[in-house]
file my_file11.pdb (PDB, C-alpha atoms)
ATOM      1  CA  MET A   1     117.484  91.185 123.917
ATOM      2  CA  VAL A   2     118.213  91.636 127.609
ATOM      3  CA  VAL A   3     116.619  93.927 130.185
ATOM      4  CA  LYS A   4     119.422  95.807 131.910
ATOM      5  CA  ASP A   5     117.354  97.997 134.225
ATOM      6  CA  ILE A   6     113.993  99.594 134.765
ATOM      7  CA  PHE A   7     113.806 103.365 135.117
ATOM      8  CA  VAL A   8     111.197 105.568 136.738
ATOM      9  CA  ILE A   9     110.425 108.375 134.322
ATOM     10  CA  ASN A  10     107.615 109.935 136.351
ATOM     11  CA  GLU A  11     106.333 108.237 139.454
ATOM     12  CA  SER A  12     103.132 110.290 139.804
ATOM     13  CA  GLN A  13     102.143 109.288 136.271
ATOM     14  CA  GLY A  14     103.224 105.692 136.809
ATOM     15  CA  LEU A  15     105.586 106.028 133.868
ATOM     16  CA  TYR A  16     108.503 103.609 133.690
ATOM     17  CA  ALA A  17     110.944 102.638 130.955
ATOM     18  CA  VAL A  18     113.067  99.625 130.148
ATOM     19  CA  HIS A  19     116.793 100.096 129.762
ATOM     20  CA  TRP A  20     117.883  97.526 127.204
ATOM     21  CA  GLN A  21     121.373  96.128 127.437
ATOM     22  CA  GLY A  22     123.634  97.683 124.829
ATOM     23  CA  GLU A  23     121.729 100.964 124.682
ATOM     24  CA  GLU A  24     123.117 104.126 126.209
ATOM     25  CA  LYS A  25     119.834 105.390 127.656
ATOM     26  CA  ASN A  26     116.526 103.960 128.795
ATOM     27  CA  ALA A  27     113.919 103.373 126.067
ATOM     28  CA  PHE A  28     112.050 106.611 126.753
ATOM     29  CA  ALA A  29     115.114 108.875 126.710
ATOM     30  CA  HIS A  30     116.575 106.902 123.789
ATOM     31  CA  PHE A  31     113.457 107.482 121.675
ATOM     32  CA  PHE A  32     113.323 111.240 122.204
ATOM     33  CA  THR A  33     117.082 111.590 121.723
ATOM     34  CA  GLN A  34     116.881 109.754 118.391
ATOM     35  CA  MET A  35     113.916 111.828 117.231
ATOM     36  CA  ALA A  36     115.879 115.036 117.813
ATOM     37  CA  ASP A  37     119.046 113.785 116.101
ATOM     38  CA  ALA A  38     119.512 115.216 112.602
ATOM     39  CA  ILE A  39     122.020 112.496 111.634
ATOM     40  CA  TYR A  40     119.686 109.688 112.682
ATOM     41  CA  LEU A  41     116.656 111.221 110.973
ATOM     42  CA  VAL A  42     118.420 112.038 107.681
ATOM     43  CA  ASP A  43     119.846 108.508 107.516
ATOM     44  CA  PHE A  44     116.459 107.010 108.421
ATOM     45  CA  PHE A  45     114.580 108.770 105.626
ATOM     46  CA  ASP A  46     117.392 108.050 103.139
ATOM     47  CA  ASP A  47     117.085 104.353 104.044
ATOM     48  CA  HIS A  48     113.261 104.394 103.928
ATOM     49  CA  GLU A  49     112.750 106.753 101.015
ATOM     50  CA  ASP A  50     110.445 104.340  99.166
ATOM     51  CA  ASP A  51     108.180 103.957 102.205
ATOM     52  CA  LEU A  52     107.976 107.730 102.512
ATOM     53  CA  THR A  53     107.198 108.154  98.809
ATOM     54  CA  ASN A  54     104.541 105.430  98.941
ATOM     55  CA  HIS A  55     102.933 106.584 102.182
ATOM     56  CA  PRO A  56      99.160 106.486 101.616
ATOM     57  CA  GLN A  57      98.284 109.672 103.521
ATOM     58  CA  VAL A  58     101.329 111.886 103.520
ATOM     59  CA  GLN A  59     103.313 113.311 100.630
ATOM     60  CA  LEU A  60     106.482 114.906 101.964
ATOM     61  CA  SER A  61     110.058 115.412 100.860
ATOM     62  CA  LYS A  62     112.737 113.812 103.025
ATOM     63  CA  THR A  63     113.635 117.182 104.541
ATOM     64  CA  GLU A  64     109.984 117.904 105.344
ATOM     65  CA  ALA A  65     109.659 114.439 106.887
ATOM     66  CA  VAL A  66     112.704 115.022 109.116
ATOM     67  CA  LEU A  67     111.273 118.330 110.336
ATOM     68  CA  LYS A  68     107.824 116.819 110.835
ATOM     69  CA  VAL A  69     109.202 114.017 113.014
ATOM     70  CA  LYS A  70     111.470 116.339 114.971
ATOM     71  CA  ASN A  71     108.675 118.807 115.748
ATOM     72  CA  ASP A  72     106.184 116.043 116.464
ATOM     73  CA  ALA A  73     108.547 114.405 118.960
ATOM     74  CA  LYS A  74     109.115 117.744 120.643
ATOM     75  CA  ALA A  75     105.350 118.252 120.999
ATOM     76  CA  LEU A  76     104.837 114.697 122.271
ATOM     77  CA  GLN A  77     107.593 115.072 124.824
ATOM     78  CA  LYS A  78     105.992 118.316 126.039
ATOM     79  CA  ALA A  79     102.591 116.623 126.309
ATOM     80  CA  ILE A  80     104.030 113.744 128.338
ATOM     81  CA  LEU A  81     106.044 116.128 130.479
ATOM     82  CA  ASN A  82     102.889 118.094 131.253
ATOM     83  CA  ALA A  83     100.700 115.049 131.976
ATOM     84  CA  GLU A  84      99.906 114.944 135.661
ATOM     85  CA  SER A  85      98.423 111.513 136.165
ATOM     86  CA  PHE A  86      98.170 107.963 134.896
ATOM     87  CA  GLU A  87      94.720 108.833 133.508
ATOM     88  CA  GLU A  88      96.264 111.533 131.326
ATOM     89  CA  LEU A  89      98.830 109.052 130.056
ATOM     90  CA  ASP A  90      96.081 106.513 129.510
ATOM     91  CA  TYR A  91      94.332 109.018 127.246
ATOM     92  CA  ARG A  92      97.386 109.151 124.968
ATOM     93  CA  PHE A  93      97.932 105.392 124.678
ATOM     94  CA  GLN A  94      95.744 102.832 122.951
ATOM     95  CA  PRO A  95      95.907  99.063 122.439
ATOM     96  CA  LEU A  96      98.442  97.919 119.861
ATOM     97  CA  SER A  97      95.718  96.314 117.770
ATOM     98  CA  ASP A  98      92.004  95.550 117.809
ATOM     99  CA  ASN A  99      92.931  91.990 118.729
ATOM    100  CA  GLU A 100      94.795  93.294 121.767
ATOM    101  CA  ARG A 101      91.832  95.499 122.715
ATOM    102  CA  VAL A 102      89.359  92.622 122.543
ATOM    103  CA  ASN A 103      91.429  89.837 124.057
ATOM    104  CA  ARG A 104      93.502  91.336 126.769
ATOM    105  CA  ILE A 105      92.871  93.527 129.779
ATOM    106  CA  ASP A 106      96.001  93.605 131.905
ATOM    107  CA  LEU A 107      99.560  93.409 130.636
ATOM    108  CA  ARG A 108      98.334  94.905 127.392
ATOM    109  CA  ARG A 109     100.693  96.016 124.622
ATOM    110  CA  GLN A 110      99.930  99.658 123.884
ATOM    111  CA  LYS A 111     101.028 102.368 121.473
ATOM    112  CA  CYS A 112     101.061 106.134 121.574
ATOM    113  CA  TYR A 113     100.940 108.292 118.447
ATOM    114  CA  GLY A 114     102.669 111.604 118.011
ATOM    115  CA  ILE A 115     100.678 114.817 118.226
ATOM    116  CA  VAL A 116     100.432 115.875 114.576
ATOM    117  CA  ILE A 117      97.901 114.543 112.075
ATOM    118  CA  ASN A 118      99.115 111.388 110.329
ATOM    119  CA  SER A 119     102.005 111.176 112.748
ATOM    120  CA  PHE A 120     104.892 108.860 111.876
ATOM    121  CA  LEU A 121     105.822 108.462 115.544
ATOM    122  CA  ARG A 122     104.983 105.480 117.721
ATOM    123  CA  LEU A 123     105.922 105.025 121.348
ATOM    124  CA  TYR A 124     105.352 101.497 122.665
ATOM    125  CA  ALA A 125     104.577 100.345 126.199
ATOM    126  CA  VAL A 126     103.059  97.606 128.282
ATOM    127  CA  ARG A 127     100.140  98.754 130.421
ATOM    128  CA  PHE A 128      99.569  97.441 133.942
ATOM    129  CA  ASP A 129      96.073  97.647 135.391
ATOM    130  CA  GLU A 130      97.586  98.724 138.683
ATOM    131  CA  GLY A 131      98.254 102.098 137.043
ATOM    132  CA  GLN A 132     101.607 101.953 135.295
ATOM    133  CA  TYR A 133     103.052 102.141 131.822
ATOM    134  CA  LEU A 134     106.370 100.489 131.020
ATOM    135  CA  ILE A 135     107.890 101.999 127.869
ATOM    136  CA  THR A 136     109.725  99.450 125.756
ATOM    137  CA  GLY A 137     110.711 101.637 122.799
ATOM    138  CA  GLY A 138     109.543 103.776 119.952
ATOM    139  CA  THR A 139     110.164 104.387 116.307
ATOM    140  CA  ILE A 140     109.065 105.956 113.023
ATOM    141  CA  LYS A 141     106.357 103.897 111.352
ATOM    142  CA  LEU A 142     105.731 104.435 107.645
ATOM    143  CA  THR A 143     104.144 101.107 106.735
ATOM    144  CA  ARG A 144     100.866  99.526 107.804
ATOM    145  CA  ALA A 145     102.033  96.534 109.837
ATOM    146  CA  LEU A 146     104.877  96.346 112.311
ATOM    147  CA  GLN A 147     105.976  93.081 110.738
ATOM    148  CA  GLU A 148     106.651  94.746 107.385
ATOM    149  CA  ARG A 149     109.952  96.385 108.339
ATOM    150  CA  GLU A 150     112.889  95.253 110.433
ATOM    151  CA  HIS A 151     112.999  98.354 112.644
ATOM    152  CA  THR A 152     109.282  98.081 113.515
ATOM    153  CA  GLN A 153     109.485  94.300 113.976
ATOM    154  CA  ILE A 154     112.223  94.958 116.561
ATOM    155  CA  GLU A 155     109.794  97.142 118.516
ATOM    156  CA  LEU A 156     107.194  94.391 118.413
ATOM    157  CA  ASN A 157     109.816  91.907 119.632
ATOM    158  CA  LYS A 158     110.673  94.212 122.525
ATOM    159  CA  LEU A 159     107.014  94.364 123.598
ATOM    160  CA  ASP A 160     106.696  90.581 123.441
ATOM    161  CA  HIS A 161     109.984  90.115 125.248
ATOM    162  CA  ILE A 162     108.827  92.282 128.170
ATOM    163  CA  VAL A 163     105.453  90.520 128.391
ATOM    164  CA  ASN A 164     107.194  87.142 128.518
ATOM    165  CA  TYR A 165     109.798  88.453 130.960
ATOM    166  CA  LEU A 166     107.098  89.647 133.390
ATOM    167  CA  ILE A 167     105.309  86.291 133.128
ATOM    168  CA  ASP A 168     108.563  84.380 133.606
ATOM    169  CA  GLU A 169     109.323  86.461 136.702
ATOM    170  CA  GLY A 170     105.949  85.462 138.148
ATOM    171  CA  ILE A 171     104.705  89.045 138.243
ATOM    172  CA  PHE A 172     101.806  88.142 135.974
ATOM    173  CA  GLU A 173     100.151  84.781 135.576
ATOM    174  CA  LEU A 174      98.314  83.689 132.460
ATOM    175  CA  PRO A 175      95.149  81.592 132.925
ATOM    176  CA  GLU A 176      95.714  77.847 132.736
TER     177      GLU A 176
ATOM    178  CA  MET B   1      95.299  84.777 122.251
ATOM    179  CA  LYS B   2      92.112  82.817 121.712
ATOM    180  CA  ASN B   3      89.802  83.987 124.499
ATOM    181  CA  LYS B   4      89.738  87.120 126.564
ATOM    182  CA  MET B   5      92.587  86.640 128.976
ATOM    183  CA  THR B   6      92.089  87.338 132.630
ATOM    184  CA  ILE B   7      95.652  87.767 133.678
ATOM    185  CA  LYS B   8      96.383  87.469 137.358
ATOM    186  CA  THR B   9      98.679  90.100 138.811
ATOM    187  CA  ASN B  10     100.940  89.248 141.689
ATOM    188  CA  LYS B  11     100.704  92.689 143.283
ATOM    189  CA  LYS B  12     103.539  92.106 145.747
ATOM    190  CA  LYS B  13     105.883  90.990 142.995
ATOM    191  CA  LEU B  14     104.838  93.898 140.791
ATOM    192  CA  GLU B  15     105.485  96.363 143.617
ATOM    193  CA  ALA B  16     108.857  94.764 144.286
ATOM    194  CA  PHE B  17     109.702  94.862 140.583
ATOM    195  CA  LEU B  18     108.796  98.561 140.276
ATOM    196  CA  ALA B  19     110.658  99.338 143.486
ATOM    197  CA  THR B  20     113.881  98.206 141.803
ATOM    198  CA  ALA B  21     113.473 100.921 139.168
ATOM    199  CA  LYS B  22     116.235 103.489 139.020
ATOM    200  CA  GLN B  23     115.447 107.175 138.999
ATOM    201  CA  ASP B  24     115.962 108.991 135.721
ATOM    202  CA  THR B  25     116.720 112.452 136.955
ATOM    203  CA  THR B  26     118.097 113.768 133.699
ATOM    204  CA  TRP B  27     115.281 113.593 131.165
ATOM    205  CA  LYS B  28     112.934 116.084 132.802
ATOM    206  CA  GLU B  29     115.693 118.631 133.224
ATOM    207  CA  GLU B  30     116.906 118.049 129.678
ATOM    208  CA  ALA B  31     113.362 118.369 128.359
ATOM    209  CA  LYS B  32     112.833 121.598 130.294
ATOM    210  CA  LYS B  33     116.099 123.010 128.948
ATOM    211  CA  GLN B  34     114.990 122.068 125.455
ATOM    212  CA  ILE B  35     111.715 123.913 125.949
ATOM    213  CA  GLU B  36     113.487 126.978 127.362
ATOM    214  CA  ASN B  37     115.985 127.056 124.465
ATOM    215  CA  GLU B  38     113.459 125.942 121.872
ATOM    216  CA  VAL B  39     114.114 128.666 119.285
ATOM    217  CA  THR B  40     117.901 128.313 119.430
ATOM    218  CA  LEU B  41     117.738 124.525 119.289
ATOM    219  CA  ASP B  42     115.299 124.575 116.376
ATOM    220  CA  ARG B  43     117.685 126.790 114.422
ATOM    221  CA  SER B  44     120.672 124.657 115.376
ATOM    222  CA  PHE B  45     118.786 121.601 114.169
ATOM    223  CA  LYS B  46     118.026 123.208 110.799
ATOM    224  CA  ILE B  47     121.670 124.188 110.331
ATOM    225  CA  ALA B  48     122.799 120.667 111.252
ATOM    226  CA  LEU B  49     120.210 119.147 108.939
ATOM    227  CA  LYS B  50     121.345 121.209 105.964
ATOM    228  CA  ALA B  51     125.009 120.582 106.752
ATOM    229  CA  TYR B  52     124.616 116.816 107.102
ATOM    230  CA  GLN B  53     122.504 116.523 103.948
ATOM    231  CA  ARG B  54     125.191 118.458 102.069
ATOM    232  CA  LEU B  55     127.945 116.267 103.514
ATOM    233  CA  LYS B  56     126.112 113.136 102.348
ATOM    234  CA  ALA B  57     125.426 114.658  98.928
ATOM    235  CA  MET B  58     129.151 115.366  98.574
ATOM    236  CA  GLY B  59     129.861 111.714  99.356
ATOM    237  CA  LYS B  60     132.077 112.737 102.261
ATOM    238  CA  THR B  61     132.307 111.355 105.780
ATOM    239  CA  GLN B  62     132.205 112.937 109.208
ATOM    240  CA  GLU B  63     135.907 112.083 109.529
ATOM    241  CA  TRP B  64     136.599 114.106 106.387
ATOM    242  CA  LEU B  65     134.655 117.064 107.783
ATOM    243  CA  ALA B  66     136.529 116.792 111.088
ATOM    244  CA  ALA B  67     139.838 116.989 109.234
ATOM    245  CA  GLU B  68     138.639 119.944 107.132
ATOM    246  CA  MET B  69     137.477 121.830 110.217
ATOM    247  CA  GLU B  70     140.443 120.700 112.297
ATOM    248  CA  ILE B  71     138.242 119.415 115.095
ATOM    249  CA  SER B  72     137.586 115.942 116.488
ATOM    250  CA  THR B  73     135.163 113.501 114.862
ATOM    251  CA  GLN B  74     133.191 113.460 118.124
ATOM    252  CA  ALA B  75     132.775 117.240 117.915
ATOM    253  CA  VAL B  76     131.543 116.907 114.320
ATOM    254  CA  SER B  77     129.088 114.195 115.303
ATOM    255  CA  LYS B  78     127.735 116.294 118.180
ATOM    256  CA  MET B  79     127.422 119.296 115.886
ATOM    257  CA  LEU B  80     125.602 117.418 113.127
ATOM    258  CA  LYS B  81     123.118 115.880 115.558
ATOM    259  CA  GLY B  82     121.750 119.388 115.917
ATOM    260  CA  ASP B  83     121.551 119.917 119.649
ATOM    261  CA  LYS B  84     124.589 122.175 119.808
ATOM    262  CA  ASN B  85     124.454 125.933 120.145
ATOM    263  CA  PHE B  86     126.499 126.974 117.104
ATOM    264  CA  THR B  87     128.891 129.928 117.246
ATOM    265  CA  LEU B  88     129.213 132.115 114.175
ATOM    266  CA  LEU B  89     132.813 130.940 113.824
ATOM    267  CA  THR B  90     131.724 127.288 113.718
ATOM    268  CA  ILE B  91     129.088 128.086 111.123
ATOM    269  CA  GLU B  92     131.642 129.930 108.976
ATOM    270  CA  ARG B  93     134.051 126.991 109.158
ATOM    271  CA  LEU B  94     131.231 124.587 108.303
ATOM    272  CA  GLU B  95     130.189 126.740 105.346
ATOM    273  CA  ARG B  96     133.770 126.887 104.056
ATOM    274  CA  ALA B  97     134.229 123.125 104.349
ATOM    275  CA  LEU B  98     130.904 122.307 102.703
ATOM    276  CA  GLY B  99     130.955 125.111 100.149
ATOM    277  CA  ILE B 100     127.435 126.311 100.936
ATOM    278  CA  LYS B 101     125.721 129.103 102.814
ATOM    279  CA  LEU B 102     124.017 127.838 105.945
ATOM    280  CA  ILE B 103     122.654 131.109 107.272
ATOM    281  CA  GLU B 104     121.978 134.470 105.704
ATOM    282  CA  VAL B 105     122.017 137.729 107.605
ATOM    283  CA  VAL B 106     119.304 140.098 106.560
ATOM    284  CA  ALA B 107     121.060 143.431 106.549
ATOM    285  CA  HIS B 108     120.816 146.825 104.940
ATOM    286  CA  GLN B 109     117.155 146.337 104.274
ATOM    287  CA  ARG B 110     114.702 148.915 105.413
ATOM    288  CA  THR B 111     112.691 147.746 108.422
ATOM    289  CA  THR B 112     109.014 148.206 107.744
ATOM    290  CA  THR B 113     106.161 147.450 110.082
ATOM    291  CA  HIS B 114     102.580 146.767 109.104
ATOM    292  CA  GLN B 115     101.588 150.074 110.665
ATOM    293  CA  GLU B 116     104.109 151.956 108.531
ATOM    294  CA  VAL B 117     102.907 150.226 105.416
ATOM    295  CA  PHE B 118      99.310 151.148 106.104
ATOM    296  CA  LYS B 119     100.189 154.726 107.148
ATOM    297  CA  LYS B 120     102.154 155.331 103.994
ATOM    298  CA  SER B 121      99.749 153.587 101.701
ATOM    299  CA  PRO B 122      96.243 154.482 102.809
ATOM    300  CA  LYS B 123      94.892 153.106  99.538
ATOM    301  CA  VAL B 124      95.610 149.639 100.876
ATOM    302  CA  ILE B 125      92.862 150.016 103.459
ATOM    303  CA  ASN B 126      90.242 150.465 100.796
ATOM    304  CA  PHE B 127      91.840 148.297  98.243
ATOM    305  CA  SER B 128      88.730 146.278  97.684
ATOM    306  CA  GLN B 129      87.047 149.367  96.232
ATOM    307  CA  SER B 130      90.096 150.778  94.549
ATOM    308  CA  LYS B 131      90.923 150.219  90.933
ATOM    309  CA  THR B 132      94.615 150.567  91.688
ATOM    310  CA  THR B 133      96.783 147.713  90.526
ATOM    311  CA  PHE B 134      98.527 146.089  93.445
ATOM    312  CA  SER B 135     102.029 144.770  93.504
ATOM    313  CA  THR B 136     103.740 143.000  96.350
ATOM    314  CA  LYS B 137     106.519 144.124  98.604
ATOM    315  CA  LYS B 138     108.475 142.066 101.091
ATOM    316  CA  VAL B 139     108.333 143.166 104.686
ATOM    317  CA  VAL B 140     111.341 142.043 106.678
ATOM    318  CA  TYR B 141     111.605 142.263 110.416
ATOM    319  CA  GLU B 142     115.186 143.181 111.093
ATOM    320  CA  SER B 143     114.999 141.959 114.677
ATOM    321  CA  ASP B 144     114.706 138.431 113.383
ATOM    322  CA  PHE B 145     117.832 138.601 111.305
ATOM    323  CA  PHE B 146     118.602 134.907 111.425
ATOM    324  CA  GLU B 147     115.737 133.540 109.529
ATOM    325  CA  ALA B 148     113.591 136.501 108.669
ATOM    326  CA  ASP B 149     109.865 136.048 108.669
ATOM    327  CA  ILE B 150     108.911 137.430 105.329
ATOM    328  CA  GLU B 151     105.343 138.423 104.694
ATOM    329  CA  THR B 152     103.887 139.659 101.536
ATOM    330  CA  LEU B 153     101.441 142.481 101.770
ATOM    331  CA  PRO B 154      99.572 144.140  98.934
ATOM    332  CA  ILE B 155     100.927 147.635  98.420
ATOM    333  CA  ALA B 156      99.474 150.154  96.016
ATOM    334  CA  SER B 157     101.895 150.755  93.201
TER     335      SER B 157
END
call {"tool": "encode", "arguments": {"input": "my_file11.pdb", "output": "structure tokens"}}
result
Amino acid sequence: MVVKDIFVINESQGLYAVHWQGEEKNAFAHFFTQMADAIYLVDFFDDHEDDLTNHPQVQLSKTEAVLKVKNDAKALQKAILNAESFEELDYRFQPLSDNERVNRIDLRRQKCYGIVINSFLRLYAVRFDEGQYLITGGTIKLTRALQEREHTQIELNKLDHIVNYLIDEGIFELPE
Amino acid sequence: MKNKMTIKTNKKKLEAFLATAKQDTTWKEEAKKQIENEVTLDRSFKIALKAYQRLKAMGKTQEWLAAEMEISTQAVSKMLKGDKNFTLLTIERLERALGIKLIEVVAHQRTTTHQEVFKKSPKVINFSQSKTTFSTKKVVYESDFFEADIETLPIAS
């Protein structure tokens, strides 16, 4: 996992995104491109059919799930596009876990849900207290914990990688 | 993370790090285009979705479809992703290759508006007091021929 570049998505919002080596687009553009790609979404729900069937809150067919994700991503993209400040972005994101909320202030791993009720979408970012979000990736989450599935574990790894990268670069310092 | 971490930010280094960020000039324009062409893109997506599901159900590959349609595999991939504005000719060729109907044109059906329904069937207005048995009739808006919005209104029989 290597950081190729950092992209400014919207400077007035303080929204940035990582461009991972090996990926065609930065993490933000990559996420929304995937969530509007019929091939990707059909294959995803074919591969995760059991998770969809066993979802505790939502009972949907695979076709309904594809359309839900596609429309949800479209709405989320619109909401982010229309956000005018860091505060508006901040309203959409929340700490990755209660542990993160309690134990960490700056350099916090955050997540953003889609717009619809019981959204499957998650957009992940690291939050800087100086007023920036750095998007690391996003995915469809059908299970409770990120560690339960490979594709969600990868997103967790990306978040951790960026946190460590920023510490290694001396941009953030952990207490002794 | 055992205790609440007070992480120290090196502001100068953070500024320098963010200053190296490249500008993504494409996503906002792409997103705006998507919003402007929302209806068309939504329909394209639904066509692509149905086509790709059918292709998978047939156990065929995108390469097979490319050969059937006599186009490149890249063109098939772009088409099945669902962000392409389909021409009628492309849809016809897709339908022939996959052996299914992807769109249906609503034609030769009488266009009826709500107003016309109520004008012609005044009993409907007082249907709560009427003892008339009601049946249903489909109202199709011809202007939306692609994927007609079909409502069902109670009409006095």
call {"tool": "closest_atom_pairs", "arguments": {"input": "my_file11.pdb", "of": "chain A", "to": "chain B", "cutoff": "7 Å", "atoms": "all atoms listed in the file", "output": "Markdown table"}}
result
| residue | atom | partner | partner_atom | distance |
| --- | --- | --- | --- | --- |
| A:Asp5 | CA | B:Ala21 | CA | 6.9 |
| A:Ile6 | CA | B:Ala21 | CA | 4.6 |
| A:Phe7 | CA | B:Lys22 | CA | 4.6 |
| A:Val8 | CA | B:Gln23 | CA | 5.1 |
| A:Ile9 | CA | B:Asp24 | CA | 5.7 |
| A:Ala29 | CA | B:Trp27 | CA | 6.5 |
| A:Asp37 | CA | B:Lys81 | CA | 4.6 |
| A:Ala38 | CA | B:Lys81 | CA | 4.7 |
| A:Ile39 | CA | B:Lys81 | CA | 5.3 |
| A:Val102 | CA | B:Lys4 | CA | 6.8 |
| A:Asn103 | CA | B:Lys4 | CA | 4.1 |
| A:Arg104 | CA | B:Met5 | CA | 5.3 |
| A:Ile105 | CA | B:Thr6 | CA | 6.9 |
| A:Asp106 | CA | B:Ile7 | CA | 6.1 |
| A:Ile171 | CA | B:Asn10 | CA | 5.1 |
| A:Phe172 | CA | B:Thr9 | CA | 4.7 |
| A:Glu173 | CA | B:Lys8 | CA | 5.0 |
| A:Leu174 | CA | B:Ile7 | CA | 5.0 |
| A:Pro175 | CA | B:Ile7 | CA | 6.2 |
call {"tool": "residues_near_point", "arguments": {"input": "my_file11.pdb", "point": "(132.7, 120.3, 117.3)", "cutoff": "12 Å", "atoms": "only C-alpha atoms", "output": "PDB file with C-alpha atoms, keeping the file's coordinate frame"}}
result
ATOM      1  CA  ALA B  48     122.799 120.667 111.252  1.00  0.00           C
ATOM      2  CA  GLN B  62     132.205 112.937 109.208  1.00  0.00           C
ATOM      3  CA  GLU B  63     135.907 112.083 109.529  1.00  0.00           C
ATOM      4  CA  LEU B  65     134.655 117.064 107.783  1.00  0.00           C
ATOM      5  CA  ALA B  66     136.529 116.792 111.088  1.00  0.00           C
ATOM      6  CA  ALA B  67     139.838 116.989 109.234  1.00  0.00           C
ATOM      7  CA  GLU B  68     138.639 119.944 107.132  1.00  0.00           C
ATOM      8  CA  MET B  69     137.477 121.830 110.217  1.00  0.00           C
ATOM      9  CA  GLU B  70     140.443 120.700 112.297  1.00  0.00           C
ATOM     10  CA  ILE B  71     138.242 119.415 115.095  1.00  0.00           C
ATOM     11  CA  SER B  72     137.586 115.942 116.488  1.00  0.00           C
ATOM     12  CA  THR B  73     135.163 113.501 114.862  1.00  0.00           C
ATOM     13  CA  GLN B  74     133.191 113.460 118.124  1.00  0.00           C
ATOM     14  CA  ALA B  75     132.775 117.240 117.915  1.00  0.00           C
ATOM     15  CA  VAL B  76     131.543 116.907 114.320  1.00  0.00           C
ATOM     16  CA  SER B  77     129.088 114.195 115.303  1.00  0.00           C
ATOM     17  CA  LYS B  78     127.735 116.294 118.180  1.00  0.00           C
ATOM     18  CA  MET B  79     127.422 119.296 115.886  1.00  0.00           C
ATOM     19  CA  LEU B  80     125.602 117.418 113.127  1.00  0.00           C
ATOM     20  CA  LYS B  81     123.118 115.880 115.558  1.00  0.00           C
ATOM     21  CA  GLY B  82     121.750 119.388 115.917  1.00  0.00           C
ATOM     22  CA  ASP B  83     121.551 119.917 119.649  1.00  0.00           C
ATOM     23  CA  LYS B  84     124.589 122.175 119.808  1.00  0.00           C
ATOM     24  CA  ASN B  85     124.454 125.933 120.145  1.00  0.00           C
ATOM     25  CA  PHE B  86     126.499 126.974 117.104  1.00  0.00           C
ATOM     26  CA  THR B  87     128.891 129.928 117.246  1.00  0.00           C
ATOM     27  CA  LEU B  89     132.813 130.940 113.824  1.00  0.00           C
ATOM     28  CA  THR B  90     131.724 127.288 113.718  1.00  0.00           C
ATOM     29  CA  ILE B  91     129.088 128.086 111.123  1.00  0.00           C
ATOM     30  CA  ARG B  93     134.051 126.991 109.158  1.00  0.00           C
ATOM     31  CA  LEU B  94     131.231 124.587 108.303  1.00  0.00           C
TER      32      LEU B  94
END
call {"tool": "residues_near_point", "arguments": {"input": "my_file11.pdb", "point": "(107.3, 100.2, 121.7)", "cutoff": "6 Å", "atoms": "only C-alpha atoms", "output": "PDB file with C-alpha atoms, in the frame of the given file"}}
result
ATOM      1  CA  LEU A 123     105.922 105.025 121.348  1.00  0.00           C
ATOM      2  CA  TYR A 124     105.352 101.497 122.665  1.00  0.00           C
ATOM      3  CA  ALA A 125     104.577 100.345 126.199  1.00  0.00           C
ATOM      4  CA  THR A 136     109.725  99.450 125.756  1.00  0.00           C
ATOM      5  CA  GLY A 137     110.711 101.637 122.799  1.00  0.00           C
ATOM      6  CA  GLY A 138     109.543 103.776 119.952  1.00  0.00           C
ATOM      7  CA  GLU A 155     109.794  97.142 118.516  1.00  0.00           C
TER       8      GLU A 155
END
call {"tool": "atom_distance", "arguments": {"input": "my_file11.pdb", "atom1": "CA of Ile154 (chain A)", "atom2": "CA of Glu176 (chain A)"}}
result
28.8 Å
call {"tool": "residues_around", "arguments": {"input": "my_file11.pdb", "residues": "His55 (chain A)", "least_positions_apart": "4", "cutoff": "12 Å", "atoms": "all atoms listed in the file", "output": "PyMOL selection string"}}
result
chain A and resi 48-51+59-61+65+118-120+141-144
call {"tool": "atom_distance", "arguments": {"input": "my_file11.pdb", "atom1": "CA of Asp46 (chain A)", "atom2": "CA of Lys62 (chain A)"}}
result
7.4 Å
call {"tool": "atom_distance", "arguments": {"input": "my_file11.pdb", "atom1": "CA of Gln57 (chain A)", "atom2": "CA of Arg127 (chain A)"}}
result
29.1 Å
call {"tool": "resolve_selection", "arguments": {"input": "my_file11.pdb", "expression": "the PyMOL selection byres ((chain A and resi 88) around 12)", "output": "list in words"}}
result
Ser12, Gln13, Gly14, Leu15, Ala79, Ile80, Leu81, Asn82, Ala83, Glu84, Ser85, Phe86, Glu87, Leu89, Asp90, Tyr91, Arg92, Phe93, Gly131, Gln132 and Tyr133 of chain A
call {"tool": "closest_residue", "arguments": {"input": "my_file11.pdb", "among": "A:Ile135, A:Thr53, A:Phe44, A:Glu169", "to": "His19 (chain A)", "atoms": "only C-alpha atoms"}}
result
A:Ile135
call {"tool": "residues_around", "arguments": {"input": "my_file11.pdb", "residues": "region 66-71 of chain A", "least_positions_apart": "5", "cutoff": "7 Å", "atoms": "all atoms listed in the file", "output": "count of residues only"}}
result
6
